[in-house]
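Peer 1: File work.cif below, mmCIF, C-alpha atoms:
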```
data_start
#
loop_
_atom_site.label_atom_id
_atom_site.label_comp_id
_atom_site.auth_asym_id
_atom_site.auth_seq_id
_atom_site.Cartn_x
_atom_site.Cartn_y
_atom_site.Cartn_z
CA MET L 17 0.77 -64.58 -66.81
CA LYS L 18 0.65 -67.73 -68.91
CA THR L 19 3.74 -68.23 -71.03
CA THR L 20 3.49 -69.60 -74.54
CA TYR L 21 6.95 -71.08 -74.85
CA THR L 22 6.20 -73.43 -77.71
CA SER L 23 8.46 -75.71 -79.69
CA GLU L 24 8.60 -72.97 -82.31
CA PHE L 25 10.98 -71.05 -80.07
CA LYS L 26 13.48 -73.93 -80.16
CA ASN L 27 13.20 -74.68 -83.86
CA PRO L 28 16.48 -73.59 -85.54
CA THR L 29 14.75 -72.72 -88.83
CA SER L 30 11.76 -70.77 -87.47
CA PHE L 31 12.12 -67.01 -87.31
CA ARG L 32 10.14 -66.95 -84.07
CA ASN L 33 13.19 -68.45 -82.37
CA PRO L 34 14.89 -65.46 -80.64
CA LYS L 35 18.31 -66.74 -81.69
CA VAL L 36 17.27 -66.79 -85.35
CA LEU L 37 15.49 -63.44 -85.08
CA ALA L 38 18.60 -61.86 -83.60
CA GLU L 39 20.64 -63.25 -86.50
CA ILE L 40 18.12 -61.87 -89.01
CA ALA L 41 18.38 -58.40 -87.48
CA ILE L 42 22.18 -58.39 -87.17
CA PHE L 43 22.81 -59.77 -90.66
CA THR L 44 20.42 -57.31 -92.27
CA ALA L 45 22.41 -54.57 -90.55
CA LEU L 46 25.69 -56.17 -91.70
CA ALA L 47 24.49 -56.33 -95.31
CA THR L 48 23.48 -52.66 -95.15
CA ALA L 49 26.86 -51.70 -93.69
CA LEU L 50 28.74 -53.70 -96.34
CA SER L 51 26.73 -52.17 -99.17
CA THR L 52 28.67 -48.94 -98.68
CA ILE L 53 32.15 -50.48 -98.94
CA VAL L 54 33.46 -50.50 -102.49
CA ILE L 55 35.99 -53.19 -103.46
CA TYR L 56 36.78 -52.39 -107.03
CA VAL L 57 35.92 -49.53 -109.34
CA MET L 58 35.27 -50.85 -112.84
CA PRO L 59 36.79 -49.13 -115.90
CA GLN L 60 33.45 -47.75 -117.12
CA GLY L 61 32.70 -46.20 -113.74
CA GLY L 62 30.51 -48.81 -112.06
CA SER L 63 31.58 -50.18 -108.71
CA ILE L 64 31.51 -53.57 -107.03
CA THR L 65 30.55 -53.43 -103.37
CA LEU L 66 32.06 -55.70 -100.76
CA ALA L 67 29.50 -58.41 -101.48
CA SER L 68 26.56 -56.81 -99.70
CA MET L 69 24.49 -59.85 -100.62
CA VAL L 70 26.80 -62.29 -98.84
CA PRO L 71 25.25 -61.91 -95.35
CA ILE L 72 21.76 -62.67 -96.72
CA LEU L 73 22.92 -65.61 -98.86
CA TRP L 74 25.00 -66.82 -95.95
CA LEU L 75 22.08 -66.68 -93.51
CA SER L 76 19.78 -68.53 -95.91
CA LEU L 77 22.40 -71.24 -96.39
CA ARG L 78 22.72 -71.49 -92.63
CA ARG L 79 19.05 -71.34 -91.59
CA GLY L 80 17.07 -72.39 -94.63
CA PRO L 81 15.02 -70.61 -97.29
CA LEU L 82 12.23 -69.24 -95.07
CA VAL L 83 14.62 -67.31 -92.82
CA GLY L 84 16.53 -66.18 -95.92
CA VAL L 85 13.41 -64.82 -97.60
CA VAL L 86 12.38 -62.92 -94.44
CA THR L 87 15.89 -61.44 -94.09
CA GLY L 88 15.97 -60.44 -97.74
CA ALA L 89 12.59 -58.74 -97.56
CA ILE L 90 13.62 -56.76 -94.47
CA TYR L 91 16.92 -55.81 -96.13
CA GLY L 92 14.95 -54.61 -99.15
CA VAL L 93 12.82 -52.37 -96.94
CA VAL L 94 15.93 -50.91 -95.28
CA GLN L 95 17.45 -50.27 -98.72
CA PHE L 96 14.25 -48.55 -99.79
CA MET L 97 14.47 -46.37 -96.69
CA LEU L 98 18.01 -45.30 -97.60
CA LEU L 99 17.38 -44.70 -101.30
CA PRO L 100 13.70 -44.59 -102.23
CA TYR L 101 13.64 -44.78 -106.03
CA ALA L 102 9.94 -45.19 -106.54
CA ILE L 103 8.16 -44.61 -109.83
CA ASP L 104 5.31 -47.13 -109.57
CA PRO L 105 3.83 -49.25 -106.76
CA ILE L 106 4.59 -52.56 -108.53
CA GLN L 107 8.09 -51.36 -109.43
CA VAL L 108 8.75 -50.61 -105.75
CA LEU L 109 7.69 -54.15 -104.82
CA LEU L 110 9.81 -55.73 -107.58
CA ASP L 111 12.92 -53.60 -107.02
CA TYR L 112 13.06 -53.66 -103.24
CA PRO L 113 11.42 -56.36 -101.07
CA LEU L 114 10.95 -59.00 -103.80
CA ALA L 115 14.35 -58.59 -105.44
CA PHE L 116 16.13 -59.23 -102.15
CA ALA L 117 13.64 -61.77 -100.79
CA VAL L 118 14.37 -64.17 -103.67
CA LEU L 119 18.03 -64.22 -102.58
CA GLY L 120 16.79 -66.28 -99.64
CA LEU L 121 15.79 -69.11 -101.99
CA ALA L 122 19.51 -69.93 -102.07
CA GLY L 123 18.68 -71.77 -98.84
CA PHE L 124 17.28 -74.69 -100.86
CA PHE L 125 20.85 -75.52 -101.92
CA GLN L 126 22.54 -75.86 -98.57
CA LYS L 127 24.95 -78.51 -99.89
CA TRP L 128 26.13 -76.42 -102.84
CA PRO L 129 26.59 -72.78 -101.76
CA VAL L 130 27.83 -71.64 -105.16
CA VAL L 131 24.76 -73.08 -106.93
CA GLY L 132 22.57 -71.42 -104.30
CA THR L 133 24.31 -68.09 -104.89
CA ALA L 134 23.81 -68.38 -108.63
CA VAL L 135 20.10 -69.23 -108.20
CA GLY L 136 19.52 -66.42 -105.69
CA ILE L 137 21.27 -63.73 -107.72
CA GLY L 138 19.74 -65.10 -110.94
CA LEU L 139 16.26 -64.65 -109.46
CA ARG L 140 17.20 -61.18 -108.23
CA PHE L 141 18.21 -60.39 -111.81
CA VAL L 142 14.76 -61.56 -112.99
CA MET L 143 13.04 -59.17 -110.56
CA HIS L 144 15.19 -56.17 -111.53
CA PHE L 145 14.86 -57.15 -115.18
CA LEU L 146 11.05 -57.10 -114.99
CA ALA L 147 11.03 -53.77 -113.15
CA GLY L 148 13.54 -52.36 -115.64
CA ALA L 149 11.78 -53.58 -118.77
CA ILE L 150 8.26 -52.58 -117.69
CA TYR L 151 8.76 -49.42 -115.62
CA TRP L 152 12.25 -47.94 -116.02
CA ALA L 153 12.90 -48.39 -119.76
CA PRO L 154 9.97 -46.22 -120.97
CA ILE L 155 11.18 -43.20 -118.97
CA TYR L 156 14.92 -43.90 -119.07
CA ALA L 157 15.50 -45.04 -122.60
CA PRO L 158 12.45 -44.45 -124.77
CA GLY L 159 14.36 -45.18 -127.97
CA ILE L 160 15.98 -48.48 -126.97
CA ASP L 161 14.36 -51.91 -126.87
CA PRO L 162 13.30 -52.31 -123.20
CA ILE L 163 14.40 -55.97 -123.06
CA ILE L 164 17.92 -55.20 -124.27
CA TYR L 165 18.17 -52.07 -122.08
CA SER L 166 17.05 -53.85 -118.93
CA SER L 167 19.19 -56.94 -119.36
CA VAL L 168 22.33 -54.95 -120.19
CA TYR L 169 21.85 -52.47 -117.35
CA ASN L 170 21.04 -55.02 -114.67
CA GLY L 171 23.54 -57.56 -115.93
CA SER L 172 26.34 -55.01 -115.87
CA TYR L 173 26.40 -54.83 -112.07
CA LEU L 174 24.81 -58.16 -111.08
CA LEU L 175 27.29 -60.35 -113.00
CA PRO L 176 30.38 -58.98 -111.18
CA GLU L 177 28.46 -59.14 -107.90
CA LEU L 178 27.62 -62.77 -108.67
CA ALA L 179 31.28 -63.55 -109.29
CA VAL L 180 32.35 -61.84 -106.05
CA SER L 181 29.59 -63.37 -103.91
CA GLY L 182 30.05 -66.86 -105.37
CA PHE L 183 33.79 -66.76 -104.84
CA ILE L 184 33.49 -65.47 -101.26
CA LEU L 185 30.82 -68.03 -100.32
CA PHE L 186 32.97 -70.77 -101.82
CA LEU L 187 35.88 -69.67 -99.63
CA LEU L 188 33.62 -69.28 -96.57
CA GLN L 189 32.33 -72.81 -97.03
CA LYS L 190 35.88 -74.14 -97.05
CA THR L 191 36.64 -72.38 -93.75
CA LYS L 192 33.45 -73.84 -92.16
CA VAL L 193 32.32 -70.43 -90.86
CA LEU L 194 28.98 -71.25 -92.44
CA LYS L 195 27.91 -73.44 -89.55
CA ALA L 196 29.78 -71.75 -86.69
CA TYR L 197 27.87 -71.26 -83.39
CA LEU L 198 24.77 -72.98 -84.80
CA MET E 3 29.11 -42.26 -91.80
CA SER E 4 27.07 -39.64 -93.56
CA VAL E 5 25.06 -42.22 -95.51
CA PHE E 6 23.53 -43.57 -92.33
CA ASP E 7 22.42 -40.21 -90.94
CA GLY E 8 18.83 -41.13 -91.60
CA LEU E 9 19.19 -44.30 -89.56
CA LYS E 10 20.31 -42.63 -86.35
CA PHE E 11 17.92 -42.90 -83.46
CA ARG E 12 17.73 -39.43 -82.04
CA LYS E 13 14.91 -37.53 -80.53
CA VAL E 14 14.06 -34.84 -83.03
CA SER E 15 11.12 -32.70 -82.12
CA SER E 16 9.45 -30.73 -84.86
CA PRO E 17 5.83 -30.32 -85.90
CA ILE E 18 6.45 -32.84 -88.70
CA HIS E 19 8.47 -35.39 -86.72
CA ASN E 20 5.74 -35.45 -84.07
CA LEU E 21 3.02 -36.36 -86.56
CA ASP E 22 1.64 -39.87 -86.50
CA PRO E 23 3.76 -41.91 -88.97
CA ARG E 24 0.70 -43.77 -90.26
CA VAL E 25 -1.05 -40.55 -91.26
CA LYS E 26 2.18 -39.26 -92.81
CA PHE E 27 2.52 -42.48 -94.79
CA VAL E 28 -1.04 -42.20 -96.14
CA TYR E 29 -0.30 -38.59 -97.14
CA VAL E 30 2.88 -39.64 -98.96
CA ILE E 31 1.01 -42.43 -100.78
CA CYS E 32 -1.59 -39.86 -101.81
CA ILE E 33 1.10 -37.51 -103.25
CA PHE E 34 2.65 -40.55 -104.98
CA VAL E 35 -0.69 -41.55 -106.58
CA ALA E 36 -1.31 -37.96 -107.69
CA ALA E 37 2.14 -37.83 -109.31
CA ILE E 38 1.46 -41.11 -111.13
CA LEU E 39 -1.89 -39.85 -112.48
CA PHE E 40 -0.50 -36.75 -114.20
CA ARG E 41 2.00 -36.35 -117.00
CA ASP E 42 1.90 -32.57 -117.32
CA ILE E 43 4.27 -29.99 -115.99
CA LEU E 44 1.87 -27.84 -113.96
CA PRO E 45 0.63 -30.48 -111.48
CA MET E 46 4.24 -31.62 -111.01
CA ILE E 47 5.29 -28.11 -109.96
CA VAL E 48 2.34 -27.96 -107.55
CA LEU E 49 3.21 -31.37 -106.03
CA PHE E 50 6.87 -30.42 -105.73
CA VAL E 51 6.08 -27.13 -103.98
CA MET E 52 3.70 -28.96 -101.63
CA GLN E 53 6.62 -30.93 -100.21
CA LEU E 54 8.63 -27.82 -99.33
CA PRO E 55 6.70 -26.77 -96.17
CA PHE E 56 7.30 -30.26 -94.77
CA VAL E 57 11.04 -30.04 -95.37
CA PHE E 58 11.35 -26.59 -93.81
CA LEU E 59 9.06 -27.24 -90.84
CA ALA E 60 11.03 -30.41 -90.03
CA ARG E 61 14.37 -28.57 -90.56
CA VAL E 62 15.82 -31.37 -92.69
CA GLN E 63 16.87 -29.09 -95.58
CA ARG E 64 20.47 -30.35 -95.61
CA GLN E 65 19.58 -34.03 -95.81
CA TRP E 66 16.81 -33.24 -98.26
CA LEU E 67 19.18 -31.35 -100.55
CA ARG E 68 21.55 -34.32 -100.48
CA SER E 69 18.85 -36.77 -101.53
CA LEU E 70 17.71 -34.24 -104.13
CA ARG E 71 21.23 -34.15 -105.54
CA GLY E 72 21.19 -37.94 -105.92
CA ALA E 73 17.83 -37.81 -107.69
CA ALA E 74 18.93 -34.85 -109.81
CA PHE E 75 21.76 -36.91 -111.31
CA LEU E 76 19.34 -39.57 -112.57
CA ALA E 77 16.81 -36.89 -113.49
CA SER E 78 19.28 -35.03 -115.72
CA PHE E 79 20.07 -38.37 -117.37
CA ILE E 80 16.37 -38.94 -118.06
CA PHE E 81 16.01 -35.40 -119.41
CA ILE E 82 18.99 -35.68 -121.79
CA ILE E 83 17.90 -39.09 -123.13
CA ASN E 84 14.34 -37.86 -123.66
CA ILE E 85 15.57 -34.77 -125.55
CA VAL E 86 18.03 -36.73 -127.68
CA THR E 87 15.52 -39.41 -128.71
CA THR E 88 12.91 -36.76 -129.54
CA TYR E 89 15.50 -34.90 -131.59
CA PHE E 90 16.29 -37.96 -133.68
CA THR E 91 12.78 -39.39 -134.05
CA LYS E 92 11.22 -36.00 -134.95
CA SER E 93 13.69 -35.60 -137.85
CA TYR E 94 16.16 -33.24 -136.17
CA THR E 95 13.73 -30.66 -134.76
CA LEU E 96 12.77 -29.89 -131.18
CA PRO E 97 9.08 -28.96 -130.87
CA VAL E 98 8.25 -26.93 -127.75
CA ALA E 99 5.61 -29.45 -126.68
CA ASP E 100 8.17 -32.27 -126.66
CA VAL E 101 10.69 -30.30 -124.62
CA GLU E 102 7.94 -29.55 -122.15
CA ASN E 103 7.04 -33.23 -122.05
CA ALA E 104 10.67 -34.11 -121.28
CA VAL E 105 10.74 -31.55 -118.46
CA ALA E 106 7.46 -32.94 -117.13
CA MET E 107 8.78 -36.53 -117.14
CA THR E 108 11.90 -35.41 -115.29
CA MET E 109 9.89 -33.43 -112.74
CA ARG E 110 7.59 -36.41 -112.29
CA PHE E 111 10.54 -38.62 -111.48
CA VAL E 112 11.89 -36.13 -108.94
CA VAL E 113 8.47 -35.73 -107.29
CA LEU E 114 7.94 -39.51 -107.07
CA VAL E 115 11.35 -40.14 -105.54
CA GLU E 116 11.27 -37.16 -103.20
CA SER E 117 7.82 -37.98 -101.82
CA PHE E 118 9.20 -41.07 -100.10
CA SER E 119 12.47 -39.34 -99.26
CA VAL E 120 10.63 -36.66 -97.29
CA PHE E 121 8.70 -39.34 -95.41
CA PHE E 122 11.82 -41.25 -94.38
CA LEU E 123 13.74 -38.06 -93.53
CA THR E 124 11.02 -36.87 -91.16
CA THR E 125 10.18 -40.19 -89.51
CA SER E 126 12.52 -41.65 -86.93
CA PRO E 127 13.09 -45.43 -87.19
CA ASP E 128 11.55 -46.11 -83.76
CA HIS E 129 8.36 -44.31 -84.82
CA LEU E 130 8.37 -46.41 -87.96
CA GLY E 131 8.67 -49.64 -85.97
CA LEU E 132 5.84 -48.54 -83.69
CA ALA E 133 3.70 -47.79 -86.73
CA LEU E 134 4.45 -51.19 -88.26
CA GLU E 135 3.47 -52.84 -85.00
CA THR E 136 0.18 -50.99 -84.66
CA SER E 137 -0.75 -51.67 -88.28
CA ARG E 138 -0.86 -55.41 -87.60
CA VAL E 139 2.52 -56.32 -89.10
CA PRO E 140 3.63 -59.41 -87.11
CA TYR E 141 5.81 -58.20 -84.24
CA GLU E 142 8.75 -60.38 -85.36
CA PHE E 143 9.09 -58.38 -88.57
CA ALA E 144 8.71 -55.01 -86.89
CA PHE E 145 11.27 -56.03 -84.29
CA ALA E 146 13.76 -57.34 -86.86
CA PHE E 147 13.36 -54.17 -88.91
CA THR E 148 13.92 -51.72 -86.03
CA THR E 149 16.79 -53.72 -84.60
CA ALA E 150 18.48 -54.02 -87.99
CA VAL E 151 18.24 -50.28 -88.56
CA ARG E 152 19.56 -49.63 -85.08
CA PHE E 153 22.60 -51.87 -85.59
CA VAL E 154 23.72 -50.53 -88.99
CA PRO E 155 25.99 -47.73 -87.64
CA VAL E 156 27.46 -50.12 -85.04
CA LEU E 157 28.38 -52.75 -87.63
CA ALA E 158 29.68 -50.18 -90.11
CA GLU E 159 32.02 -48.92 -87.42
CA GLU E 160 33.09 -52.46 -86.60
CA ALA E 161 33.84 -53.19 -90.26
CA GLN E 162 36.03 -50.09 -90.35
CA THR E 163 37.85 -51.15 -87.16
CA ILE E 164 38.56 -54.65 -88.50
CA MET E 165 39.78 -53.19 -91.79
CA ASP E 166 42.15 -50.85 -89.95
CA ALA E 167 43.39 -53.68 -87.71
CA GLN E 168 44.15 -55.96 -90.65
CA LYS E 169 45.81 -53.14 -92.56
CA ALA E 170 48.02 -52.51 -89.53
CA ARG E 171 49.07 -56.16 -89.78
CA GLY E 172 50.17 -55.63 -93.35
CA LEU E 173 47.08 -56.60 -95.36
CA GLU E 174 47.13 -54.76 -98.67
CA LEU E 175 43.64 -53.98 -99.89
CA GLU E 176 44.33 -51.72 -102.85
CA LYS E 177 46.65 -54.01 -104.77
CA GLY E 178 46.26 -56.68 -107.41
CA GLY E 179 43.53 -57.70 -109.83
CA LEU E 180 39.90 -58.35 -109.03
CA MET E 181 40.31 -61.96 -107.79
CA LYS E 182 43.32 -61.02 -105.65
CA ARG E 183 41.37 -58.16 -104.11
CA ILE E 184 38.40 -60.38 -103.28
CA ARG E 185 40.75 -62.87 -101.66
CA ASN E 186 42.25 -59.98 -99.66
CA TYR E 187 38.84 -59.21 -98.21
CA ILE E 188 38.41 -62.69 -96.71
CA PRO E 189 40.50 -61.83 -93.59
CA ILE E 190 38.09 -58.93 -93.05
CA LEU E 191 34.89 -60.76 -93.81
CA ILE E 192 35.48 -63.76 -91.54
CA PRO E 193 36.14 -61.79 -88.31
CA LEU E 194 33.24 -59.54 -89.25
CA ILE E 195 30.84 -62.46 -89.69
CA VAL E 196 32.04 -64.26 -86.58
CA SER E 197 31.72 -61.12 -84.47
CA ALA E 198 28.27 -60.55 -85.99
CA ILE E 199 27.23 -64.06 -84.91
CA ARG E 200 28.59 -63.41 -81.42
CA ARG E 201 26.70 -60.16 -81.27
CA SER E 202 23.53 -61.90 -82.39
CA LEU E 203 24.00 -64.53 -79.67
CA GLU E 204 24.32 -61.76 -77.09
CA LEU E 205 21.23 -60.10 -78.49
CA ALA E 206 19.32 -63.39 -78.34
CA GLU E 207 20.35 -63.87 -74.71
CA ALA E 208 19.24 -60.35 -73.88
CA MET E 209 15.92 -61.02 -75.58
CA GLU E 210 15.36 -64.29 -73.77
CA SER E 211 16.35 -62.85 -70.39
CA ARG E 212 13.65 -60.22 -70.90
CA ALA E 213 11.12 -62.93 -71.79
CA TRP E 214 10.87 -62.06 -75.45
CA GLY E 215 7.64 -63.44 -76.90
CA ALA E 216 6.43 -64.73 -73.53
CA CYS E 217 3.04 -63.11 -73.83
CA LYS E 218 1.10 -62.90 -77.05
CA LYS E 219 -0.24 -59.40 -76.52
CA ARG E 220 2.38 -56.71 -76.10
CA THR E 221 1.81 -53.24 -74.75
CA ASN E 222 3.90 -50.14 -75.41
CA LEU E 223 5.08 -47.36 -73.16
CA PHE E 224 4.50 -44.87 -75.97
CA ALA E 225 1.28 -45.49 -77.83
CA LEU E 226 0.59 -43.72 -81.09
CA ARG E 227 -2.33 -41.34 -80.70
CA LEU E 228 -3.85 -38.99 -83.22
CA ARG E 229 -3.38 -35.35 -82.21
CA ARG E 230 -4.61 -32.10 -83.67
CA GLY E 231 -1.84 -31.93 -86.26
CA ASP E 232 -2.72 -35.41 -87.50
CA TYR E 233 -6.33 -34.42 -88.13
CA VAL E 234 -5.10 -31.41 -90.10
CA LEU E 235 -2.91 -33.71 -92.21
CA ILE E 236 -5.81 -36.14 -92.74
CA ALA E 237 -7.95 -33.23 -93.97
CA LEU E 238 -5.09 -32.13 -96.26
CA THR E 239 -4.76 -35.67 -97.62
CA ILE E 240 -8.46 -35.86 -98.47
CA ILE E 241 -8.35 -32.40 -100.12
CA VAL E 242 -5.31 -33.35 -102.24
CA LEU E 243 -6.93 -36.60 -103.30
CA VAL E 244 -10.26 -35.01 -104.21
CA VAL E 245 -8.62 -32.14 -106.12
CA ALA E 246 -6.29 -34.56 -107.95
CA ILE E 247 -9.11 -36.89 -109.01
CA TYR E 248 -11.41 -33.99 -109.98
CA THR E 249 -8.67 -32.38 -112.07
CA TYR E 250 -7.81 -35.71 -113.66
CA LEU E 251 -11.39 -36.46 -114.65
CA PHE E 252 -12.91 -33.10 -115.55
CA LEU E 253 -10.28 -30.45 -116.25
CA SER E 254 -7.76 -30.18 -119.05
CA ILE E 255 -4.41 -28.93 -117.80
CA PRO E 256 -2.95 -26.02 -119.76
CA THR E 257 0.66 -26.38 -120.87
CA ILE E 258 3.23 -23.74 -119.97
CA ALA E 259 3.71 -22.95 -123.67
CA SER E 260 0.04 -22.13 -124.14
CA LEU E 261 0.04 -20.07 -120.94
CA ILE E 262 2.81 -17.73 -122.03
CA GLY E 263 1.60 -17.88 -125.60
CA ILE E 264 4.51 -19.34 -127.57
CA VAL E 265 2.39 -21.69 -129.65
#
```
For the file at hand, write its structure as structure tokens.

Peer 2:
Amino acid sequence: MKTTYTSEFKNPTSFRNPKVLAEIAIFTALATALSTIVIYVMPQGGSITLASMVPILWLSLRRGPLVGVVTGAIYGVVQFMLLPYAIDPIQVLLDYPLAFAVLGLAGFFQKWPVVGTAVGIGLRFVMHFLAGAIYWAPIYAPGIDPIIYSSVYNGSYLLPELAVSGFILFLLQKTKVLKAYL
Amino acid sequence: MSVFDGLKFRKVSSPIHNLDPRVKFVYVICIFVAAILFRDILPMIVLFVMQLPFVFLARVQRQWLRSLRGAAFLASFIFIINIVTTYFTKSYTLPVADVENAVAMTMRFVVLVESFSVFFLTTSPDHLGLALETSRVPYEFAFAFTTAVRFVPVLAEEAQTIMDAQKARGLELEKGGLMKRIRNYIPILIPLIVSAIRRSLELAEAMESRAWGACKKRTNLFALRLRRGDYVLIALTIIVLVVAIYTYLFLSIPTIASLIGIV
């Protein structure tokens, strides 16, 4: 049987490289596992998870935006599997695969992890904001302005998550774990 | 690890679990579309009842009730907000039609959410990966998806072990303000990430030693084949779709109020 062992298999930023693919799978699983650990319960009842976005941001900083986007999209599908809140086909796309895939764009800022985190989570906010304003607000809060409702609701949990993830990635960068075993 | 029950790879054999996941997915999409089309209470009840045989045949009542409880929390929220806003915008009265509308919106939400829930509860992750592969999703994605799902319980357990180990060394997790707490989690996160990288290196070696990606065309030991039950489900899907579209276009749906004659 003819083997097709191309240069793609050696490329450290291609997801066809078995090493990268294994990292994608393991870090998606890690993010899912972390999403159930709660660090801090906020006064009004919300909770901050142990930075479930960190593995995805971390992998995109390590392997570049393409790998990050693929990881995020797969993580979104796994999240959808665990908790399928679907009210419209476009809303499903925006809230699950797309919202997490854009986290991978943090990979464009490999030199500045905190900026990358802010960009990734900012874009995730945009996705949830769109889904919230267009699809959730009419059924959830018919009396309130959808733009205000969506930005307040999504901001209330994404801002603390941004602070936690940014701080942790900043500390991880200092310890040089970011490029370990590359 | 009750949250990850749905991710466990076990061989469950029931008439529903044995159905072809692709056919099941098309059926779920069809229920989803039907629920989006209607905004009345009667079709919602019909669509909700239609999911029950699936749940009972697959014997996933317990898990289903749990997911229903999660949805019910949001649903009650939707119901209350709908009632309150109607009450204030309709100058402090509650017309029967509006209450019914609120109930219908709530039911619609439950039906939409539960349609996918039933699919994921009755489809094992390995079946799902096989279905992804046969429906022309690039094998890399299907592989990453199945492997990720398979590793979630393993990594959750590992996170717990590392947390216990660090606590035994005197790490205090439940003390201090937010920043202090985050800093406390670093000694957990770093071993976790490093062990995850090690695990991924092992996985990559295992993949390479089995010639992962050596040949372009892969074959499977278990191929998905349509059986008698699948054809029954296909027929059911077509019937549901036709009835839903016919009702949507040509029939007017009576409200509950007009049926029991309140109005």

Peer 1: Between chain L and chain E, at 6 Å or less, what are the per-residue closest atom pairs and their distances in Å? Count only C-alpha atoms, order by chain and rising residue number, and return it as JSON lines.

Peer 2:
```
{"residue": "L:Thr19", "atom": "CA", "partner": "E:Ala216", "partner_atom": "CA", "distance": 5.1}
{"residue": "L:Thr20", "atom": "CA", "partner": "E:Ala216", "partner_atom": "CA", "distance": 5.8}
{"residue": "L:Pro34", "atom": "CA", "partner": "E:Ala206", "partner_atom": "CA", "distance": 5.4}
{"residue": "L:Lys35", "atom": "CA", "partner": "E:Ala206", "partner_atom": "CA", "distance": 4.8}
{"residue": "L:Ala38", "atom": "CA", "partner": "E:Ser202", "partner_atom": "CA", "distance": 5.1}
{"residue": "L:Glu39", "atom": "CA", "partner": "E:Ser202", "partner_atom": "CA", "distance": 5.2}
{"residue": "L:Ala41", "atom": "CA", "partner": "E:Ala150", "partner_atom": "CA", "distance": 4.4}
{"residue": "L:Ile42", "atom": "CA", "partner": "E:Ala150", "partner_atom": "CA", "distance": 5.8}
{"residue": "L:Thr44", "atom": "CA", "partner": "E:Ala150", "partner_atom": "CA", "distance": 5.7}
{"residue": "L:Ala45", "atom": "CA", "partner": "E:Val154", "partner_atom": "CA", "distance": 4.5}
{"residue": "L:Leu46", "atom": "CA", "partner": "E:Leu157", "partner_atom": "CA", "distance": 6.0}
{"residue": "L:Ala49", "atom": "CA", "partner": "E:Ala158", "partner_atom": "CA", "distance": 4.8}
{"residue": "L:Tyr101", "atom": "CA", "partner": "E:Val115", "partner_atom": "CA", "distance": 5.2}
{"residue": "L:Ala102", "atom": "CA", "partner": "E:Val115", "partner_atom": "CA", "distance": 5.3}
{"residue": "L:Ile103", "atom": "CA", "partner": "E:Leu114", "partner_atom": "CA", "distance": 5.8}
{"residue": "L:Tyr156", "atom": "CA", "partner": "E:Ile80", "partner_atom": "CA", "distance": 5.3}
{"residue": "L:Gly159", "atom": "CA", "partner": "E:Thr87", "partner_atom": "CA", "distance": 5.9}
```

Peer 1: I would like the residues chosen by the PyMOL selection byres ((chain E and resi 235) around 10) on the shown file; could you give them as an MDAnalysis selection string?

Peer 2: chainID E and resid 21:22 25:26 28:29 230:234 236:241

Peer 1: With C-alpha atoms retained, export the selected residues as a PDB file, keeping the file's coordinate frame.

Peer 2:
```pdb
ATOM      1  CA  LEU E  21       3.020 -36.360 -86.560  1.00  0.00           C
ATOM      2  CA  ASP E  22       1.640 -39.870 -86.500  1.00  0.00           C
ATOM      3  CA  VAL E  25      -1.050 -40.550 -91.260  1.00  0.00           C
ATOM      4  CA  LYS E  26       2.180 -39.260 -92.810  1.00  0.00           C
ATOM      5  CA  VAL E  28      -1.040 -42.200 -96.140  1.00  0.00           C
ATOM      6  CA  TYR E  29      -0.300 -38.590 -97.140  1.00  0.00           C
ATOM      7  CA  ARG E 230      -4.610 -32.100 -83.670  1.00  0.00           C
ATOM      8  CA  GLY E 231      -1.840 -31.930 -86.260  1.00  0.00           C
ATOM      9  CA  ASP E 232      -2.720 -35.410 -87.500  1.00  0.00           C
ATOM     10  CA  TYR E 233      -6.330 -34.420 -88.130  1.00  0.00           C
ATOM     11  CA  VAL E 234      -5.100 -31.410 -90.100  1.00  0.00           C
ATOM     12  CA  ILE E 236      -5.810 -36.140 -92.740  1.00  0.00           C
ATOM     13  CA  ALA E 237      -7.950 -33.230 -93.970  1.00  0.00           C
ATOM     14  CA  LEU E 238      -5.090 -32.130 -96.260  1.00  0.00           C
ATOM     15  CA  THR E 239      -4.760 -35.670 -97.620  1.00  0.00           C
ATOM     16  CA  ILE E 240      -8.460 -35.860 -98.470  1.00  0.00           C
ATOM     17  CA  ILE E 241      -8.350 -32.400-100.120  1.00  0.00           C
TER      18      ILE E 241
END
```

Peer 1: Kindly give the distance, in Å, that separates CA of Asp166 (chain E) and CA of Thr52 (chain L), rounded to a single decimal.

Peer 2: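 Taking CA of Asp166 (chain E) as the start and CA of Thr52 (chain L) as the end point, the length is 16.2 Å.
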
Peer 1: Tell me which residues come within 10 Å of (26.7, -71.0, -105.0), as a list in words, counting all atoms listed in the file in the file's coordinates.

Peer 2: Leu73, Leu77, Ala122, Phe125, Gln126, Lys127, Trp128, Pro129, Val130, Val131, Gly132, Thr133, Ala134, Val135, Gly136, Ile137, Leu178, Ala179, Ser181, Gly182, Phe183, Ile184, Leu185, Phe186 and Gln189 of chain L
